[in-house]
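Asker: My file is structure03.pdb. It has PDB, C-alpha atoms:
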```pdb
MODEL        1
ATOM      1  CA  MET A 880       9.402   7.393  30.146  1.00  0.00           C
ATOM      2  CA  ILE A 881      10.143   6.493  26.541  1.00  0.00           C
ATOM      3  CA  SER A 882       8.057   3.661  25.087  1.00  0.00           C
ATOM      4  CA  ASN A 883       9.595   0.558  23.535  1.00  0.00           C
ATOM      5  CA  GLU A 884       8.062   1.563  20.201  1.00  0.00           C
ATOM      6  CA  GLU A 885       9.837   4.919  20.276  1.00  0.00           C
ATOM      7  CA  LEU A 886      13.027   3.234  21.469  1.00  0.00           C
ATOM      8  CA  ILE A 887      12.962   0.955  18.409  1.00  0.00           C
ATOM      9  CA  PHE A 888      12.221   3.773  15.977  1.00  0.00           C
ATOM     10  CA  ASN A 889      15.039   5.895  17.405  1.00  0.00           C
ATOM     11  CA  LYS A 890      17.430   2.947  17.165  1.00  0.00           C
ATOM     12  CA  LEU A 891      16.464   2.368  13.521  1.00  0.00           C
ATOM     13  CA  VAL A 892      17.228   6.017  12.721  1.00  0.00           C
ATOM     14  CA  GLU A 893      20.467   5.896  14.714  1.00  0.00           C
ATOM     15  CA  THR A 894      21.600   2.709  12.952  1.00  0.00           C
ATOM     16  CA  TYR A 895      20.531   3.842   9.476  1.00  0.00           C
ATOM     17  CA  PRO A 896      20.847   7.667   9.617  1.00  0.00           C
ATOM     18  CA  THR A 897      20.414   8.160   5.865  1.00  0.00           C
ATOM     19  CA  SER A 898      17.131   6.244   5.779  1.00  0.00           C
ATOM     20  CA  LEU A 899      14.843   9.103   6.796  1.00  0.00           C
ATOM     21  CA  LYS A 900      13.261  10.072   3.477  1.00  0.00           C
ATOM     22  CA  GLU A 901      10.347  12.058   2.123  1.00  0.00           C
ATOM     23  CA  ILE A 902       7.115  10.199   1.440  1.00  0.00           C
ATOM     24  CA  THR A 903       7.611  11.219  -2.189  1.00  0.00           C
ATOM     25  CA  GLU A 904      10.660   8.960  -2.331  1.00  0.00           C
ATOM     26  CA  LEU A 905       9.206   6.232  -0.122  1.00  0.00           C
ATOM     27  CA  SER A 906       6.211   5.861  -2.438  1.00  0.00           C
ATOM     28  CA  TYR A 907       8.306   5.763  -5.611  1.00  0.00           C
ATOM     29  CA  ASN A 908       7.107   3.205  -8.159  1.00  0.00           C
ATOM     30  CA  ASP A 909      10.117   1.657  -9.917  1.00  0.00           C
ATOM     31  CA  SER A 910       7.959   0.133 -12.661  1.00  0.00           C
ATOM     32  CA  ASP A 911       6.440   3.438 -13.762  1.00  0.00           C
ATOM     33  CA  GLY A 912       9.373   5.625 -12.780  1.00  0.00           C
ATOM     34  CA  ARG A 913       7.330   8.018 -10.665  1.00  0.00           C
ATOM     35  CA  SER A 914       6.115   8.596  -7.137  1.00  0.00           C
ATOM     36  CA  PHE A 915       2.624   7.565  -6.100  1.00  0.00           C
ATOM     37  CA  ILE A 916       2.261  10.325  -3.502  1.00  0.00           C
ATOM     38  CA  GLU A 917       4.134  13.605  -3.339  1.00  0.00           C
ATOM     39  CA  CYS A 918       4.700  14.785   0.214  1.00  0.00           C
ATOM     40  CA  GLU A 919       7.720  16.325   1.938  1.00  0.00           C
ATOM     41  CA  LYS A 920       7.080  14.698   5.309  1.00  0.00           C
ATOM     42  CA  LEU A 921       9.660  12.150   6.434  1.00  0.00           C
ATOM     43  CA  GLY A 922       9.353   8.470   7.142  1.00  0.00           C
ATOM     44  CA  PHE A 923      11.915   5.726   7.686  1.00  0.00           C
ATOM     45  CA  ASP A 924      12.878   3.675   4.633  1.00  0.00           C
ATOM     46  CA  PHE A 925      12.391   0.115   5.894  1.00  0.00           C
ATOM     47  CA  ASP A 926      13.713  -1.312   2.632  1.00  0.00           C
ATOM     48  CA  THR A 927      17.221  -0.370   3.792  1.00  0.00           C
ATOM     49  CA  VAL A 928      17.057  -2.710   6.792  1.00  0.00           C
ATOM     50  CA  ASN A 929      18.403  -6.232   6.361  1.00  0.00           C
ATOM     51  CA  ASN A 930      17.077  -9.166   8.356  1.00  0.00           C
ATOM     52  CA  ILE A 931      19.843  -9.716  10.904  1.00  0.00           C
ATOM     53  CA  ASN A 932      19.278 -13.352  11.743  1.00  0.00           C
ATOM     54  CA  THR A 933      21.356 -13.803  14.885  1.00  0.00           C
ATOM     55  CA  ILE A 934      20.714 -17.540  14.825  1.00  0.00           C
ATOM     56  CA  GLU A 935      22.202 -18.066  11.359  1.00  0.00           C
ATOM     57  CA  GLY A 936      24.715 -15.267  11.869  1.00  0.00           C
ATOM     58  CA  LYS A 937      24.069 -13.592   8.534  1.00  0.00           C
ATOM     59  CA  GLN A 938      22.093 -10.745   6.993  1.00  0.00           C
ATOM     60  CA  LYS A 939      19.696 -10.858   4.077  1.00  0.00           C
ATOM     61  CA  LYS A 940      17.200  -8.575   2.392  1.00  0.00           C
ATOM     62  CA  GLU A 941      13.586  -9.505   2.971  1.00  0.00           C
ATOM     63  CA  ARG A 942      10.415  -8.341   1.227  1.00  0.00           C
ATOM     64  CA  SER A 943       9.538  -5.762   3.834  1.00  0.00           C
ATOM     65  CA  PRO A 944       7.107  -2.800   3.726  1.00  0.00           C
ATOM     66  CA  ASP A 945       8.291   0.507   2.269  1.00  0.00           C
ATOM     67  CA  ALA A 946       8.307   2.652   5.373  1.00  0.00           C
ATOM     68  CA  VAL A 947       8.083   2.907   9.143  1.00  0.00           C
ATOM     69  CA  PHE A 948       6.460   5.807  10.964  1.00  0.00           C
ATOM     70  CA  PHE A 949       6.188   6.417  14.698  1.00  0.00           C
ATOM     71  CA  ASN A 950       3.327   8.257  16.325  1.00  0.00           C
ATOM     72  CA  LYS A 951       1.869   8.130  19.829  1.00  0.00           C
ATOM     73  CA  ASP A 952       3.593   4.955  20.948  1.00  0.00           C
ATOM     74  CA  THR A 953       2.672   3.058  17.785  1.00  0.00           C
ATOM     75  CA  LEU A 954       4.907   1.846  14.957  1.00  0.00           C
ATOM     76  CA  TYR A 955       3.230   2.022  11.548  1.00  0.00           C
ATOM     77  CA  LEU A 956       4.578  -0.206   8.784  1.00  0.00           C
ATOM     78  CA  VAL A 957       3.373   1.272   5.501  1.00  0.00           C
ATOM     79  CA  GLU A 958       3.355  -0.243   2.036  1.00  0.00           C
ATOM     80  CA  PHE A 959       2.647   2.053  -0.925  1.00  0.00           C
ATOM     81  CA  LYS A 960       1.199   0.254  -3.947  1.00  0.00           C
ATOM     82  CA  GLU A 961       0.398   2.324  -7.007  1.00  0.00           C
ATOM     83  CA  GLY A 962      -0.007  -0.596  -9.368  1.00  0.00           C
ATOM     84  CA  THR A 963      -1.188  -4.169  -9.039  1.00  0.00           C
ATOM     85  CA  HIS A 964      -0.460  -6.177  -5.920  1.00  0.00           C
ATOM     86  CA  LYS A 965      -0.825  -9.847  -5.132  1.00  0.00           C
ATOM     87  CA  LYS A 966      -2.170 -11.396  -1.956  1.00  0.00           C
ATOM     88  CA  GLU A 967       0.899 -13.550  -1.351  1.00  0.00           C
ATOM     89  CA  ASP A 968       3.246 -10.580  -1.809  1.00  0.00           C
ATOM     90  CA  ILE A 969       1.405  -8.321   0.644  1.00  0.00           C
ATOM     91  CA  ARG A 970       0.944 -11.026   3.267  1.00  0.00           C
ATOM     92  CA  LEU A 971       4.609 -11.997   2.955  1.00  0.00           C
ATOM     93  CA  LYS A 972       5.588  -8.383   3.623  1.00  0.00           C
ATOM     94  CA  VAL A 973       3.620  -8.467   6.894  1.00  0.00           C
ATOM     95  CA  HIS A 974       5.404 -11.644   8.023  1.00  0.00           C
ATOM     96  CA  GLU A 975       8.864 -10.519   6.893  1.00  0.00           C
ATOM     97  CA  ALA A 976       8.409  -7.118   8.548  1.00  0.00           C
ATOM     98  CA  GLY A 977       7.820  -8.806  11.893  1.00  0.00           C
ATOM     99  CA  SER A 978      10.820 -11.083  11.415  1.00  0.00           C
ATOM    100  CA  THR A 979      13.162  -8.282  10.332  1.00  0.00           C
ATOM    101  CA  LEU A 980      12.090  -6.060  13.222  1.00  0.00           C
ATOM    102  CA  PHE A 981      12.438  -8.901  15.734  1.00  0.00           C
ATOM    103  CA  PHE A 982      16.013  -9.750  14.747  1.00  0.00           C
ATOM    104  CA  PHE A 983      16.906  -6.041  14.579  1.00  0.00           C
ATOM    105  CA  CYS A 984      15.823  -5.725  18.210  1.00  0.00           C
ATOM    106  CA  GLN A 985      17.805  -8.808  19.190  1.00  0.00           C
ATOM    107  CA  ALA A 986      20.924  -7.327  17.628  1.00  0.00           C
ATOM    108  CA  TYR A 987      20.616  -3.687  18.688  1.00  0.00           C
ATOM    109  CA  LEU A 988      18.261  -3.746  21.680  1.00  0.00           C
ATOM    110  CA  PRO A 989      19.160  -6.977  23.504  1.00  0.00           C
ATOM    111  CA  ASP A 990      17.538  -5.801  26.740  1.00  0.00           C
ATOM    112  CA  LEU A 991      14.127  -5.846  25.033  1.00  0.00           C
ATOM    113  CA  SER A 992      12.601  -9.176  26.001  1.00  0.00           C
ATOM    114  CA  ARG A 993      10.722 -11.481  23.667  1.00  0.00           C
ATOM    115  CA  GLN A 994       7.520 -10.796  25.607  1.00  0.00           C
ATOM    116  CA  GLU A 995       8.016  -7.039  25.327  1.00  0.00           C
ATOM    117  CA  PHE A 996       8.513  -7.365  21.579  1.00  0.00           C
ATOM    118  CA  PHE A 997       5.280  -9.292  21.082  1.00  0.00           C
ATOM    119  CA  ASN A 998       3.461  -6.684  23.164  1.00  0.00           C
ATOM    120  CA  LEU A 999       4.531  -3.852  20.859  1.00  0.00           C
ATOM    121  CA  LYS A1000       1.900  -1.676  19.206  1.00  0.00           C
ATOM    122  CA  ILE A1001       2.623  -2.306  15.528  1.00  0.00           C
ATOM    123  CA  LYS A1002       0.173  -1.654  12.711  1.00  0.00           C
ATOM    124  CA  PHE A1003       0.491  -2.490   9.030  1.00  0.00           C
ATOM    125  CA  VAL A1004      -1.130  -0.160   6.505  1.00  0.00           C
ATOM    126  CA  LEU A1005      -1.498  -0.882   2.798  1.00  0.00           C
ATOM    127  CA  ILE A1006      -2.013   2.318   0.794  1.00  0.00           C
ATOM    128  CA  HIS A1007      -3.026   1.555  -2.768  1.00  0.00           C
ATOM    129  CA  ARG A1008      -4.623   3.273  -5.718  1.00  0.00           C
ATOM    130  CA  PHE A1009      -8.387   3.687  -5.698  1.00  0.00           C
ATOM    131  CA  ASN A1010     -10.061   1.670  -8.452  1.00  0.00           C
ATOM    132  CA  PRO A1011     -13.179   3.568  -9.658  1.00  0.00           C
ATOM    133  CA  ASN A1012     -14.300   0.519 -11.636  1.00  0.00           C
ATOM    134  CA  ARG A1013     -15.124  -1.257  -8.391  1.00  0.00           C
ATOM    135  CA  GLY A1014     -17.254   1.598  -7.127  1.00  0.00           C
ATOM    136  CA  THR A1015     -17.077   3.693  -3.991  1.00  0.00           C
ATOM    137  CA  MET A1016     -19.371   1.528  -1.861  1.00  0.00           C
ATOM    138  CA  PHE A1017     -17.555  -1.694  -2.763  1.00  0.00           C
ATOM    139  CA  THR A1018     -14.145  -0.167  -1.983  1.00  0.00           C
ATOM    140  CA  ALA A1019     -15.397   1.278   1.301  1.00  0.00           C
ATOM    141  CA  ALA A1020     -16.690  -2.141   2.352  1.00  0.00           C
ATOM    142  CA  MET A1021     -13.376  -3.761   1.416  1.00  0.00           C
ATOM    143  CA  GLU A1022     -11.400  -1.238   3.430  1.00  0.00           C
ATOM    144  CA  GLN A1023     -13.609  -1.466   6.482  1.00  0.00           C
ATOM    145  CA  SER A1024     -13.646  -5.260   6.588  1.00  0.00           C
ATOM    146  CA  ARG A1025     -10.024  -5.604   5.409  1.00  0.00           C
ATOM    147  CA  THR A1026     -11.097  -8.485   3.171  1.00  0.00           C
ATOM    148  CA  LEU A1027      -8.542  -7.391   0.573  1.00  0.00           C
ATOM    149  CA  HIS A1028      -5.790 -10.049   0.718  1.00  0.00           C
ATOM    150  CA  ASN A1029      -7.584 -11.373   3.816  1.00  0.00           C
ATOM    151  CA  LEU A1030      -5.433  -9.154   6.025  1.00  0.00           C
ATOM    152  CA  LYS A1031      -7.946  -9.195   8.860  1.00  0.00           C
ATOM    153  CA  ASN A1032      -6.946 -12.721   9.853  1.00  0.00           C
ATOM    154  CA  LEU A1033      -3.385 -11.497  10.543  1.00  0.00           C
ATOM    155  CA  ASP A1034      -4.528  -9.123  13.294  1.00  0.00           C
ATOM    156  CA  GLY A1035      -2.815  -9.933  16.577  1.00  0.00           C
ATOM    157  CA  TYR A1036      -0.146 -12.086  14.933  1.00  0.00           C
ATOM    158  CA  ILE A1037       2.999 -10.019  15.524  1.00  0.00           C
ATOM    159  CA  ILE A1038       1.183  -7.088  13.920  1.00  0.00           C
ATOM    160  CA  GLN A1039      -1.514  -5.681  16.190  1.00  0.00           C
ATOM    161  CA  GLN A1040      -3.750  -4.502  13.372  1.00  0.00           C
ATOM    162  CA  ASN A1041      -3.753  -4.395   9.574  1.00  0.00           C
ATOM    163  CA  ARG A1042      -5.475  -1.697   7.563  1.00  0.00           C
ATOM    164  CA  VAL A1043      -6.176  -1.028   3.889  1.00  0.00           C
ATOM    165  CA  MET A1044      -6.870   2.374   2.350  1.00  0.00           C
ATOM    166  CA  SER A1045      -7.223   3.784  -1.149  1.00  0.00           C
ATOM    167  CA  PHE A1046      -9.531   6.820  -0.879  1.00  0.00           C
ATOM    168  CA  PRO A1047      -7.353   9.953  -1.268  1.00  0.00           C
ATOM    169  CA  THR A1048      -9.142  11.689   1.621  1.00  0.00           C
ATOM    170  CA  THR A1049      -8.583   8.655   3.863  1.00  0.00           C
ATOM    171  CA  ILE A1050      -4.919   8.542   2.882  1.00  0.00           C
ATOM    172  CA  LEU A1051      -4.545  12.255   3.624  1.00  0.00           C
ATOM    173  CA  SER A1052      -6.227  11.893   7.012  1.00  0.00           C
ATOM    174  CA  PHE A1053      -3.937   8.997   7.926  1.00  0.00           C
ATOM    175  CA  LEU A1054      -0.779  10.836   6.851  1.00  0.00           C
ATOM    176  CA  LYS A1055      -1.868  13.900   8.808  1.00  0.00           C
ATOM    177  CA  ARG A1056      -2.166  11.775  11.919  1.00  0.00           C
ATOM    178  CA  ILE A1057       1.143   9.914  11.693  1.00  0.00           C
ATOM    179  CA  THR A1058       3.104  13.060  10.764  1.00  0.00           C
ATOM    180  CA  ASN A1059       1.373  15.291  13.335  1.00  0.00           C
ATOM    181  CA  ASP A1060       0.481  17.870  10.704  1.00  0.00           C
ATOM    182  CA  ASP A1061      -3.177  18.916  10.501  1.00  0.00           C
ATOM    183  CA  ASN A1062      -2.357  21.270   7.628  1.00  0.00           C
ATOM    184  CA  LEU A1063      -0.728  18.608   5.491  1.00  0.00           C
ATOM    185  CA  SER A1064      -1.309  18.654   1.749  1.00  0.00           C
ATOM    186  CA  ILE A1065      -0.453  15.814  -0.632  1.00  0.00           C
ATOM    187  CA  SER A1066      -0.402  15.284  -4.385  1.00  0.00           C
ATOM    188  CA  ILE A1067      -1.440  11.941  -5.857  1.00  0.00           C
ATOM    189  CA  HIS A1068      -0.363  10.798  -9.310  1.00  0.00           C
ATOM    190  CA  GLU A1069      -3.418   9.333 -11.024  1.00  0.00           C
ATOM    191  CA  SER A1070      -3.338   6.397 -13.430  1.00  0.00           C
ATOM    192  CA  ASP A1071      -3.990   8.762 -16.358  1.00  0.00           C
ATOM    193  CA  SER A1072      -0.781  10.680 -15.433  1.00  0.00           C
ATOM    194  CA  SER A1073      -2.719  13.630 -14.022  1.00  0.00           C
ATOM    195  CA  ILE A1074      -1.867  14.949 -10.558  1.00  0.00           C
ATOM    196  CA  LYS A1075      -4.497  15.830  -7.982  1.00  0.00           C
ATOM    197  CA  VAL A1076      -3.800  17.847  -4.850  1.00  0.00           C
ATOM    198  CA  TYR A1077      -5.554  17.119  -1.549  1.00  0.00           C
ATOM    199  CA  PRO A1078      -7.162  18.855   0.211  1.00  0.00           C
TER     200      PRO A1078
ENDMDL
END
```
Take the structure I supplied and represent it as structure tokens, if you would.

Answerer:
Amino acid sequence: MISNEELIFNKLVETYPTSLKEITELSYNDSDGRSFIECEKLGFDFDTVNNINTIEGKQKKERSPDAVFFNKDTLYLVEFKEGTHKKEDIRLKVHEAGSTLFFFCQAYLPDLSRQEFFNLKIKFVLIHRFNPNRGTMFTAAMEQSRTLHNLKNLDGYIIQQNRVMSFPTTILSFLKRITNDDNLSISIHESDSSIKVYP
């Protein structure tokens, strides 16, 4: 039997068929005019989805995460941040993602109950550039505790779990898992304009 998470992902792709894009495009940084991560694997461009507020009867663009991935009955909402990022911006994206997804389900999957929606396995992942000035141990502690932007206190509120990652090897491992490709290789554009390939 198909899970509700897979049902939602399939409906997103069906509704927005041109929104399946390579991670290279999904991680594109408009400010610097380049991609953060080069990878041919596909994800769903969540920026193309408007918030369909059925109560107000209108659509509007919210500040949602860059991409949606589906793997093993879990929806992953992923935000790629190559440059600076503010706490209020990232936390707003978590809230708006839940709102946009909720009203999408109301419009296109009306048989999905409110209770079923709030029982969905949804995880938010912030992938950002590693800052060597902060040190490896400091960054590792930040990622494990999710103290960056205080995302830990949003766990269980619409989003089941929030995660932060910046180590290239951690990013690679995560992308391998959500794309079901153990042989995946990625290229990361460094801040000095060099490109490093992993693994």

Asker: Under the PyMOL selection byres ((chain A and resi 1007) around 8), which residues of this model are included? Write them out as a list of chain:residue names.

Answerer: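 Matching residues under the PyMOL selection byres ((chain A and resi 1007) around 8) are A:Phe959, A:Lys960, A:Glu961, A:Gly962, A:Leu1005, A:Ile1006, A:Arg1008, A:Phe1009, A:Val1043, A:Met1044, A:Ser1045.
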
Asker: Residues near Asn950 in chain A, anyone? I mean within 8 Å using only C-alpha atoms, not counting same-chain ones fewer than 4 positions away, as a list in words.

Answerer: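 After dropping sequence-adjacent residues, the list is Leu954, Tyr955, Arg1056, Ile1057, Thr1058 and Asn1059 of chain A.
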
Asker: Calculated over all atoms listed in the file, which of the candidates A:Leu921, A:Leu988, A:Ile1001, A:Ile1067 has the smallest distance to Val973 in chain A?

Answerer: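 Nearest to Val973 in chain A: A:Ile1001.
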
Asker: Of the residues A:Leu956, A:Ala976, A:Leu971, A:Leu1051, which is the one nearest to Val1004 in chain A, using all atoms listed in the file?

Answerer: A:Leu956

Asker: Could you spell out the hits of the PyMOL selection byres ((chain A and resi 928) around 10) on the shown file, as a list in words?

Answerer: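 Listing what the PyMOL selection byres ((chain A and resi 928) around 10) selects in the shown file: Leu891, Thr894, Tyr895, Ser898, Phe923, Asp924, Phe925, Asp926, Thr927, Asn929, Asn930, Ile931, Gln938, Lys939, Lys940, Glu941, Ser943, Ala976, Thr979, Leu980 and Phe983 of chain A.
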
Asker: One decimal, Å: what's the distance from CA of Asn1041 in chain A over to CA of Phe1003 in chain A, could you say?

Answerer: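 Interatomic distance, CA of Asn1041 in chain A to CA of Phe1003 in chain A: 4.7 Å.
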
Asker: From the set A:Lys890, A:Ser1066, A:Asp1061, A:Asp968, which residue has the shortest atom-to-atom contact distance to Ser906 in chain A, counting only C-alpha atoms?

Answerer: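 Looking only at the distances to Ser906 in chain A, the closest residue turns out to be A:Ser1066.
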
Asker: Report as a PDB file with C-alpha atoms, keeping the file's coordinate frame all protein, DNA and RNA residues lying within 6 Å of Gly922 in chain A, evaluated on all atoms listed in the file, omitting residues in the same chain fewer than 4 positions from it.

Answerer:
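New file part_23.pdb:
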```pdb
ATOM      1  CA  LEU A 899      14.843   9.103   6.796  1.00  0.00           C
ATOM      2  CA  LYS A 900      13.261  10.072   3.477  1.00  0.00           C
ATOM      3  CA  PHE A 948       6.460   5.807  10.964  1.00  0.00           C
TER       4      PHE A 948
END
```

Asker: Could you state the separation of CA of Leu1054 in chain A and CA of Asp909 in chain A in Å, given to one decimal place?

Answerer: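 According to the coordinates, CA of Leu1054 in chain A and CA of Asp909 in chain A are separated by 22.0 Å.
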
Asker: How far is it from CA of Phe888 in chain A to CA of Glu958 in chain A, in Å with one decimal?

Answerer: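 Taking CA of Phe888 in chain A as the start and CA of Glu958 in chain A as the end point, the length is 17.0 Å.
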
Asker: Measuring between only C-alpha atoms, which one of A:Ile887, A:Val892, A:Ile1050, A:Ser882 shows the shortest distance to Phe981 in chain A?

Answerer: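 Smallest distance to Phe981 in chain A is found for A:Ile887.
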
Asker: Find, counting only C-alpha atoms, the residue in A:Glu901, A:Asn1062, A:Glu885, A:Arg970 that gets nearest to Cys918 in chain A.

Answerer: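 That would be A:Glu901, the residue with the smallest distance to Cys918 in chain A.
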
Asker: Find the spatial neighbours of Leu999 in chain A, counting only C-alpha atoms, within a cut-off of 8 Å - ignore same-chain residues fewer than 5 positions away - and output them as a PyMOL selection string.

Answerer: chain A and resi 883-884+953+1039
